[in-house]
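See below for run.txt, which holds compact mmCIF, C-alpha atoms.
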# COMPACT_ATOMS: atom_id res chain seq x y z
CA MET A 1 39.32 63.45 66.74
CA THR A 2 38.74 64.59 70.29
CA SER A 3 39.59 67.96 71.73
CA ILE A 4 39.34 69.71 75.06
CA GLY A 5 35.94 71.02 74.03
CA GLY A 6 34.62 67.53 73.25
CA VAL A 7 34.22 65.39 70.18
CA GLU A 8 34.61 67.16 66.85
CA MET A 9 31.60 67.22 64.49
CA VAL A 10 33.97 66.40 61.62
CA ASP A 11 36.93 64.08 61.97
CA TRP A 12 39.34 66.31 60.07
CA LYS A 13 42.29 63.93 60.34
CA LEU A 14 40.16 61.14 58.90
CA ALA A 15 39.10 63.48 56.08
CA VAL A 16 42.76 64.08 55.18
CA ALA A 17 43.64 60.39 55.47
CA THR A 18 40.65 59.30 53.37
CA ALA A 19 41.26 61.87 50.64
CA SER A 20 44.97 61.11 50.48
CA ARG A 21 44.32 57.37 50.30
CA LEU A 22 41.68 57.65 47.58
CA ALA A 23 43.36 60.36 45.50
CA ARG A 24 44.52 59.16 42.11
CA PRO A 25 48.27 58.81 41.65
CA GLY A 26 49.84 61.62 39.69
CA PRO A 27 51.57 61.26 36.33
CA GLU A 28 54.85 59.36 36.19
CA ILE A 29 57.65 61.85 36.48
CA GLY A 30 61.29 61.56 37.53
CA ARG A 31 62.69 63.39 40.53
CA GLU A 32 64.84 65.73 38.45
CA GLU A 33 61.97 66.59 36.11
CA ALA A 34 59.72 67.19 39.12
CA ARG A 35 62.24 69.68 40.52
CA GLU A 36 62.35 71.44 37.15
CA VAL A 37 58.53 71.67 37.02
CA VAL A 38 58.39 73.19 40.49
CA ALA A 39 61.13 75.72 39.69
CA GLU A 40 59.48 76.68 36.41
CA LEU A 41 56.05 77.17 38.03
CA ARG A 42 57.57 79.45 40.64
CA ALA A 43 59.36 81.47 37.97
CA HIS A 44 56.22 81.70 35.83
CA ALA A 45 54.17 82.82 38.84
CA ALA A 46 56.60 85.69 39.48
CA ALA A 47 56.58 86.70 35.82
CA ALA A 48 52.80 86.41 35.58
CA GLU A 49 52.38 88.72 38.57
CA GLU A 50 54.10 91.57 36.75
CA HIS A 51 52.11 91.01 33.55
CA VAL A 52 48.79 90.90 35.43
CA ARG A 53 49.55 94.08 37.35
CA ALA A 54 50.54 95.92 34.16
CA PHE A 55 47.44 94.78 32.27
CA THR A 56 44.89 95.40 35.05
CA GLY A 57 46.40 98.44 36.76
CA MET A 58 45.96 96.67 40.13
CA THR A 59 48.73 96.64 42.73
CA THR A 60 49.11 94.76 45.99
CA ALA A 61 48.03 96.74 49.04
CA GLU A 62 50.71 97.26 51.66
CA GLY A 63 50.93 94.33 54.06
CA HIS A 64 48.69 92.05 51.99
CA ASP A 65 51.18 90.16 49.82
CA THR A 66 50.79 86.37 49.89
CA PRO A 67 53.09 83.45 49.07
CA VAL A 68 52.95 81.12 46.08
CA LEU A 69 53.17 77.42 46.99
CA VAL A 70 53.73 74.59 44.51
CA VAL A 71 52.06 71.52 46.02
CA ASP A 72 51.17 67.92 45.20
CA ARG A 73 47.69 66.43 45.60
CA PRO A 74 48.09 65.55 49.32
CA GLY A 75 49.35 69.09 49.94
CA TRP A 76 46.29 70.54 48.22
CA ILE A 77 44.06 68.27 50.32
CA GLU A 78 45.70 69.35 53.58
CA ALA A 79 45.39 73.03 52.68
CA ASN A 80 41.70 72.71 51.85
CA VAL A 81 40.85 70.73 54.97
CA ALA A 82 42.56 73.46 57.00
CA GLY A 83 40.46 76.03 55.15
CA PHE A 84 37.23 74.13 55.74
CA ARG A 85 38.06 73.70 59.42
CA SER A 86 38.68 77.41 59.88
CA LEU A 87 35.67 78.57 57.88
CA LEU A 88 33.20 76.09 59.39
CA LYS A 89 34.26 76.58 63.00
CA PRO A 90 31.23 78.78 63.94
CA LEU A 91 28.82 76.26 62.40
CA MET A 92 30.54 73.35 64.16
CA THR A 93 30.20 75.18 67.48
CA LYS A 94 26.50 75.77 66.82
CA MET A 95 25.88 72.12 65.91
CA ARG A 96 27.83 70.88 68.94
CA ALA A 97 25.71 73.05 71.23
CA ARG A 98 22.50 71.74 69.65
CA ARG A 99 23.67 68.13 69.98
CA GLY A 100 24.18 68.37 73.72
CA SER A 101 26.98 67.19 76.00
CA GLY A 102 25.43 64.01 77.40
CA PRO A 103 26.76 60.51 76.65
CA ALA A 104 24.27 59.99 73.81
CA GLY A 105 25.29 63.27 72.20
CA VAL A 106 28.97 62.42 72.49
CA ILE A 107 28.48 58.97 70.95
CA THR A 108 26.35 60.41 68.14
CA GLY A 109 28.96 63.09 67.53
CA ALA A 110 31.79 60.56 67.42
CA VAL A 111 30.03 58.40 64.86
CA GLY A 112 28.81 61.40 62.87
CA GLY A 113 32.26 62.94 62.91
CA LYS A 114 33.78 59.86 61.35
CA VAL A 115 31.04 59.59 58.73
CA THR A 116 31.37 63.26 57.81
CA GLY A 117 35.15 62.99 57.75
CA VAL A 118 34.97 60.11 55.27
CA GLU A 119 32.41 61.97 53.12
CA LEU A 120 34.57 65.08 53.01
CA GLY A 121 37.60 62.96 52.21
CA VAL A 122 35.82 61.29 49.28
CA LEU A 123 34.81 64.69 47.89
CA LEU A 124 38.32 66.11 48.20
CA SER A 125 39.86 63.03 46.61
CA PHE A 126 37.64 63.60 43.58
CA LEU A 127 38.59 67.26 43.33
CA SER A 128 42.29 66.84 44.12
CA SER A 129 43.10 65.51 40.66
CA ARG A 130 41.15 68.24 38.85
CA VAL A 131 42.34 71.51 40.36
CA LEU A 132 45.28 73.14 38.56
CA GLY A 133 45.58 76.10 40.90
CA GLN A 134 43.66 77.80 43.66
CA TYR A 135 43.87 80.99 45.65
CA GLU A 136 43.31 79.62 49.16
CA THR A 137 41.62 82.50 50.92
CA PHE A 138 40.65 81.45 54.43
CA ALA A 139 43.07 78.84 55.75
CA PRO A 140 45.36 79.87 58.61
CA ALA A 141 49.10 79.85 58.00
CA THR A 142 51.07 76.87 59.29
CA ARG A 143 54.73 75.86 59.19
CA GLU A 144 54.02 73.40 56.37
CA LEU A 145 51.64 75.75 54.51
CA PRO A 146 52.72 79.37 55.07
CA GLY A 147 50.39 82.23 54.29
CA ALA A 148 50.09 85.99 54.62
CA PRO A 149 50.80 87.24 58.16
CA LYS A 150 47.37 88.88 58.51
CA ASP A 151 44.90 86.43 57.01
CA GLY A 152 46.81 83.36 55.79
CA GLY A 153 46.00 83.76 52.09
CA ARG A 154 48.16 81.85 49.63
CA LEU A 155 48.24 80.71 46.03
CA LEU A 156 48.45 76.97 45.43
CA LEU A 157 49.72 75.54 42.13
CA VAL A 158 49.09 71.78 41.93
CA ALA A 159 52.10 70.54 39.94
CA PRO A 160 51.01 66.95 39.14
CA ASN A 161 47.65 68.12 37.80
CA ILE A 162 49.26 70.73 35.59
CA VAL A 163 51.64 68.14 34.17
CA HIS A 164 48.79 65.66 33.68
CA VAL A 165 46.65 68.12 31.72
CA GLU A 166 49.46 69.45 29.55
CA ARG A 167 50.30 65.88 28.57
CA GLU A 168 46.66 65.00 28.00
CA LEU A 169 46.14 68.01 25.74
CA GLY A 170 49.44 67.53 23.94
CA VAL A 171 50.40 71.21 24.27
CA ASP A 172 53.74 72.91 24.86
CA PRO A 173 54.38 72.37 28.60
CA HIS A 174 56.27 75.62 29.17
CA ASP A 175 53.54 77.69 27.50
CA PHE A 176 50.78 75.83 29.34
CA ARG A 177 52.39 76.37 32.75
CA LEU A 178 52.72 80.09 32.13
CA TRP A 179 49.13 80.24 30.84
CA VAL A 180 47.84 78.59 34.04
CA CYS A 181 49.91 80.95 36.18
CA LEU A 182 48.35 83.97 34.44
CA HIS A 183 44.88 82.85 35.52
CA GLU A 184 45.84 81.98 39.08
CA GLU A 185 47.99 85.08 39.57
CA THR A 186 44.98 87.18 38.59
CA HIS A 187 43.09 85.66 41.53
CA ARG A 188 46.02 86.40 43.82
CA THR A 189 46.08 89.99 42.59
CA GLN A 190 42.33 90.36 43.14
CA PHE A 191 42.65 89.52 46.83
CA THR A 192 45.96 91.26 47.54
CA ALA A 193 44.95 94.47 45.74
CA VAL A 194 41.42 94.54 47.21
CA PRO A 195 41.86 93.74 50.94
CA TRP A 196 38.16 94.12 51.78
CA LEU A 197 37.21 91.37 49.32
CA ARG A 198 38.26 88.54 51.62
CA ASP A 199 36.31 89.93 54.59
CA HIS A 200 33.25 90.51 52.41
CA LEU A 201 33.22 86.94 51.13
CA GLU A 202 33.81 85.54 54.60
CA ALA A 203 30.88 87.56 55.96
CA GLU A 204 28.62 86.25 53.20
CA ILE A 205 29.71 82.67 53.83
CA GLN A 206 29.17 83.00 57.56
CA ALA A 207 25.70 84.43 56.92
CA PHE A 208 25.01 81.42 54.68
CA LEU A 209 26.18 79.01 57.39
CA ALA A 210 24.14 80.82 60.05
CA GLU A 211 21.00 79.95 58.08
CA THR A 212 21.87 76.25 58.06
CA ASP A 213 19.26 73.94 59.59
CA VAL A 214 21.12 72.29 62.43
CA ASP A 215 18.17 70.00 63.16
CA ALA A 216 19.23 66.70 61.63
CA GLY A 217 15.65 65.58 60.92
CA THR A 218 14.85 68.68 58.89
CA LEU A 219 18.09 68.44 56.96
CA LEU A 220 17.57 64.75 56.18
CA GLU A 221 13.99 65.39 55.05
CA ARG A 222 15.14 68.10 52.65
CA LEU A 223 17.96 65.89 51.37
CA SER A 224 15.47 63.06 50.81
CA ASP A 225 13.28 65.39 48.74
CA ALA A 226 16.31 66.42 46.71
CA VAL A 227 17.33 62.83 45.99
CA GLN A 228 13.78 61.97 44.91
CA ALA A 229 13.81 64.94 42.55
CA PHE A 230 17.05 63.79 40.97
CA THR A 231 15.80 60.23 40.52
CA GLY A 232 12.53 61.25 38.90
CA GLY A 233 10.36 61.26 42.01
CA ARG A 234 8.32 64.18 43.29
CA ARG A 235 9.18 67.68 42.20
CA ALA A 236 12.04 69.57 43.78
CA ASP A 237 9.64 72.45 44.51
CA SER A 238 8.55 70.65 47.69
CA ALA A 239 12.06 70.98 49.06
CA THR A 240 12.84 74.46 47.78
CA THR A 241 9.69 76.48 48.22
CA GLY A 242 10.39 80.19 48.41
CA THR A 243 10.81 83.32 46.36
CA GLU A 244 13.42 83.34 43.66
CA ALA A 245 16.55 85.41 43.91
CA GLU A 246 17.11 88.49 41.80
CA PRO A 247 15.79 88.42 38.22
CA GLY A 248 18.01 86.30 36.03
CA ALA A 249 19.08 84.04 38.90
CA ARG A 250 16.38 81.40 38.93
CA SER A 251 18.12 78.94 41.20
CA GLY A 252 20.22 81.33 43.23
CA ALA A 253 23.45 79.53 42.37
CA HIS A 254 23.04 79.68 38.61
CA PRO A 255 22.59 83.21 37.26
CA THR A 256 22.12 81.99 33.71
CA GLY A 257 18.93 80.08 34.45
CA SER A 258 18.55 76.34 34.00
CA ALA A 259 16.79 73.48 32.31
CA PRO A 260 14.69 70.50 33.45
CA ASP A 261 16.47 67.35 34.44
CA ALA A 262 16.75 65.04 31.45
CA ARG A 263 15.87 62.05 33.60
CA GLY A 264 12.41 63.33 34.44
CA GLY A 265 12.86 65.02 37.82
CA ASP A 266 12.23 68.77 37.61
CA THR A 267 15.32 70.09 39.38
CA ASP A 268 15.69 73.32 37.39
CA GLY A 269 19.27 72.19 36.64
CA ARG A 270 20.24 72.49 40.28
CA SER A 271 22.72 70.39 42.19
CA LEU A 272 22.02 68.44 45.36
CA VAL A 273 23.74 71.25 47.23
CA ASP A 274 21.23 73.76 45.81
CA LEU A 275 18.23 71.61 46.64
CA VAL A 276 18.95 71.29 50.36
CA GLN A 277 19.24 75.05 50.86
CA THR A 278 16.75 77.32 52.53
CA PRO A 279 15.30 80.30 50.60
CA ALA A 280 17.48 82.67 52.63
CA GLN A 281 20.57 80.66 51.73
CA ARG A 282 19.72 80.79 48.05
CA GLU A 283 19.54 84.58 48.20
CA ILE A 284 22.96 84.73 49.84
CA LEU A 285 24.38 82.24 47.36
CA ALA A 286 23.06 84.34 44.47
CA ARG A 287 25.21 87.23 45.71
CA VAL A 288 28.25 85.02 46.28
CA THR A 289 27.86 83.43 42.84
CA ALA A 290 27.79 86.87 41.23
CA VAL A 291 31.09 87.72 42.94
CA MET A 292 32.65 84.40 41.97
CA SER A 293 31.48 84.89 38.37
CA LEU A 294 33.20 88.27 38.40
CA LEU A 295 36.45 86.84 39.80
CA GLU A 296 36.56 83.87 37.45
CA GLY A 297 35.53 85.90 34.40
CA HIS A 298 38.08 88.59 35.22
CA ALA A 299 40.82 85.95 35.45
CA ASP A 300 39.82 84.49 32.08
CA TYR A 301 39.69 87.97 30.52
CA VAL A 302 43.14 88.86 31.84
CA MET A 303 44.53 85.50 30.72
CA ASP A 304 43.19 86.09 27.22
CA GLY A 305 44.43 89.68 27.18
CA VAL A 306 47.97 88.94 28.34
CA GLY A 307 48.35 85.46 26.88
CA PRO A 308 48.87 86.33 23.20
CA ARG A 309 51.74 88.65 24.14
CA ILE A 310 53.80 86.11 26.10
CA VAL A 311 52.42 82.61 25.36
CA PRO A 312 53.22 81.70 21.72
CA THR A 313 50.79 78.76 21.52
CA VAL A 314 47.96 80.36 23.50
CA VAL A 315 45.34 79.88 20.75
CA GLU A 316 45.95 76.13 20.63
CA ILE A 317 46.00 75.85 24.43
CA ARG A 318 42.79 77.83 24.86
CA GLU A 319 40.92 75.84 22.23
CA LYS A 320 41.94 72.44 23.57
CA PHE A 321 41.41 73.43 27.20
CA GLN A 322 37.93 74.80 26.54
CA ARG A 323 36.92 71.55 24.85
CA ARG A 324 38.23 69.57 27.81
CA ARG A 325 36.54 71.87 30.34
CA ALA A 326 33.16 71.58 28.62
CA ALA A 327 33.21 67.84 27.97
CA GLY A 328 34.30 66.36 31.27
CA ALA A 329 36.42 63.25 31.49
CA ASN A 330 33.70 60.57 31.38
CA ARG A 331 30.09 59.84 32.25
CA LEU A 332 30.82 59.43 35.97
CA ASP A 333 32.75 62.69 35.96
CA GLN A 334 29.81 64.46 34.33
CA ILE A 335 27.34 63.09 36.90
CA LEU A 336 29.53 64.07 39.83
CA ARG A 337 30.12 67.53 38.38
CA ARG A 338 26.39 68.10 38.19
CA LEU A 339 25.59 66.70 41.62
CA LEU A 340 28.31 68.83 43.20
CA GLY A 341 27.31 71.95 41.27
CA LEU A 342 30.56 72.09 39.29
CA ASP A 343 28.67 72.75 36.06
CA ALA A 344 27.68 76.07 37.60
CA LYS A 345 31.41 76.78 37.90
CA LEU A 346 31.74 76.50 34.11
CA ARG A 347 28.92 78.99 33.64
CA GLN A 348 30.70 81.37 36.01
CA TYR A 349 33.68 81.49 33.67
CA ARG A 350 31.52 82.21 30.63
CA ASP A 351 29.13 84.73 32.19
CA GLY A 352 31.82 86.52 34.14
CA GLU A 353 34.14 86.84 31.16
CA ARG A 354 31.31 88.29 29.03
CA PHE A 355 30.54 90.79 31.80
CA VAL A 356 34.15 91.95 32.10
CA ARG A 357 34.62 92.19 28.35
CA ALA A 358 31.43 94.21 27.86
CA VAL A 359 32.29 96.64 30.66
CA VAL A 360 35.90 97.15 29.53
CA ASP A 361 34.74 97.69 25.95
CA GLU A 362 32.33 100.38 27.16
CA VAL A 363 34.26 102.23 29.90
CA GLY A 364 37.85 100.95 29.64
CA MET A 365 39.94 99.08 32.22
CA GLU A 366 40.05 102.03 34.60
CA GLY A 367 36.27 102.28 34.43
CA PHE A 368 35.93 98.54 35.03
CA ASN A 369 38.21 98.75 38.07
CA ARG A 370 35.54 100.75 39.87
CA VAL A 371 34.06 97.31 40.54
CA TRP A 372 36.70 96.97 43.28
CA THR A 373 35.69 100.17 45.11
CA SER A 374 33.45 98.55 47.73
CA PRO A 375 30.90 95.75 48.16
CA ASN A 376 28.29 98.17 46.81
CA THR A 377 30.01 98.32 43.42
CA LEU A 378 30.15 94.55 42.95
CA PRO A 379 27.74 93.32 40.26
CA THR A 380 24.52 91.61 41.22
CA ALA A 381 23.49 88.29 39.71
CA ALA A 382 21.25 90.15 37.26
CA GLU A 383 24.01 92.59 36.31
CA ILE A 384 26.45 89.78 35.52
CA THR A 385 24.20 88.81 32.62
CA ARG A 386 23.22 92.41 31.84
CA PRO A 387 26.42 94.48 32.23
CA ALA A 388 24.78 97.64 30.88
CA GLU A 389 22.77 97.76 34.10
CA TRP A 390 25.96 97.71 36.19
CA ILE A 391 27.44 100.50 34.05
CA ALA A 392 24.29 102.56 34.48
CA ARG A 393 24.25 102.03 38.24
CA VAL A 394 27.95 102.60 38.93
CA HIS A 395 29.01 105.05 36.23
CA ARG A 396 25.89 107.09 35.69
CA SER A 397 24.87 107.45 39.30
CA PRO A 398 26.47 109.48 42.12
CA GLU A 399 29.67 108.02 43.51
CA PRO A 400 28.87 105.05 45.84

Will you turn the file into structure tokens for me?
Amino acid sequence: MTSIGGVEMVDWKLAVATASRLARPGPEIGREEAREVVAELRAHAAAAEEHVRAFTGMTTAEGHDTPVLVVDRPGWIEANVAGFRSLLKPLMTKMRARRGSGPAGVITGAVGGKVTGVELGVLLSFLSSRVLGQYETFAPATRELPGAPKDGGRLLLVAPNIVHVERELGVDPHDFRLWVCLHEETHRTQFTAVPWLRDHLEAEIQAFLAETDVDAGTLLERLSDAVQAFTGGRRADSATTGTEAEPGARSGAHPTGSAPDARGGDTDGRSLVDLVQTPAQREILARVTAVMSLLEGHADYVMDGVGPRIVPTVVEIREKFQRRRAAGANRLDQILRRLLGLDAKLRQYRDGERFVRAVVDEVGMEGFNRVWTSPNTLPTAAEITRPAEWIARVHRSPEP
């Protein structure tokens, strides 16, 4: 956990070890069947790429193609830790400078690095059994996890999770695997066909991190307020005072609005992550959430548009998967989803898909694809829920 520059603020190796140790075992599957699953996912990914390109009219920009990797849960964990490490490097440098280089600072950093490493590992162990696929945008390429030459992007398909869900739902495994690949290949197409998208998101994330309170006392005080709000104590307003984001985005992260906490604390439906943010961070997150809603909704729209043509049992798969997505596995799963803000992820799918559908119905796929022209043509949080406003701004105004 040490480096030439001193003690790391996060023990990344411990994060990987913790997550891998705590991750649930995958479904029982023989070696030969496992090889067949991997081969089929790779074949479906290649086929899905052609279908997505034909349906959307989007093509990979020269020099921006990325690999498709079929991984297990530990492989997904390693890839995400590498991504976190790369993305958070500027923040870690800032926090290390604030901490100081004296003996006390080094000791505090060593202990804090281990604690943070364990916390990150616990979080990733929870997520590692739930993610079917992911376009990993920011992690650097390595020998074990290759990526695009320029920016390291890659598509991850988590084989044991796909097998687990197809068995749990009782659906045709071959159809389900192709259906998943359609969604994930759409994300890969979004980033390979729109090269500026990665840089735009990275700039927004770095702006978000730059606003982070690096003073531990301030951060702990805000976290304490958030915990009290969730447990029915004083109102969350004391920890989140500030102007709201754009109309229609009450909490910044949730463009659909929110509801009071059923347990008595008025949290506006926000997660712990939301409640420890500064007002400036909530404004940035509102913009990022609008983009993520677009990307997720676009992937769902494409999956629904292409699916009936090539996936015979798509109606059954979609119905069962939607029920599973909305319900959560159990009470603990539901609590963790809310605390981590994963319920907002579900709203992104719904709101984004409605936005894409409304725009395509009005101006066609070519007209919708103007959304990829530049950061200025991306929808705002308000426009995600009111697509007519995006159409008016982008299609009935001078060219951006």

**OP:** May I have the residues within 7 Å of Arg73 (chain A) as a list in words, using all atoms listed in the file and disregarding those fewer than 4 positions away in the same chain?
**Re:**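 Non-adjacent residues within range: Ile77, Ser128, Ser129 and Val158 of chain A.
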
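Here CA of Glu283 (chain A) stands at a distance of 14.4 Å from CA of Pro379 (chain A).
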
**OP:** Pick out the residues sitting within 10 Å of region 141-145 of chain A, and hand them over as number ranges by chain; count all atoms listed in the file, and ignore anything fewer than 6 positions along from it in its own chain.
**Re:** A: 67, 69, 71, 75-76, 78-79, 82-83, 151-154, 156

Original post:
For Phe355 (chain A), which of A:Ile29, A:Leu294, A:Val311, A:Ala15 is the closest residue, counting only C-alpha atoms?
Top reply: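 Smallest distance to Phe355 (chain A) is found for A:Leu294.
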
**OP:** Within 8 Å of His164 (chain A), counting all atoms listed in the file, which residues show up once you throw out same-chain ones fewer than 4 positions away? Write them as a PyMOL selection string, please.
**Re:** chain A and resi 26-27+160+168

Subject >> Test item: residues at most 9 Å from Leu169 (chain A), all atoms listed in the file, excluding those fewer than 2 positions along its chain, as a PyMOL selection string >> reply: chain A and resi 164-167+171+317+320-321+324

Original post:
To one decimal place, how far is CA of His64 (chain A) from CA of Glu184 (chain A) in Å?
Top reply: 16.6 Å

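As for CA of Arg347 (chain A) and CA of Ala299 (chain A), they are spaced 13.9 Å apart.
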
Original post:
Nearest to Arg177 (chain A): which of A:Arg350, A:Arg35, A:His44, A:Arg370 is it, counting all atoms listed in the file?
Top reply: A:His44

Subject >> Neighbour list for Ile284 (chain A) as a PyMOL selection string, cut-off 8 Å, only C-alpha atoms, skip fewer than 4 positions in-chain >> reply: chain A and resi 204+207-208+252+280+288

**OP:** Choose the residue, out of A:Gly364, A:His187, A:Arg354, A:Leu182, that has the smallest atom-to-atom separation from Glu50 (chain A); count all atoms listed in the file.
**Re:**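 With all atoms listed in the file as the atom set, the closest residue is A:Leu182.
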
Subject >> Answer as a PyMOL selection string, residues within 12 Å of (34.7, 85.6, 56.2) using only C-alpha atoms >> reply: chain A and resi 83-84+86-90+137-139+151+196-209+288

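Closest approach to Ala54 (chain A) from the set A:Arg188, A:Ser125, A:His298, A:Val306 is made by A:Val306, with distances taken over all atoms listed in the file.
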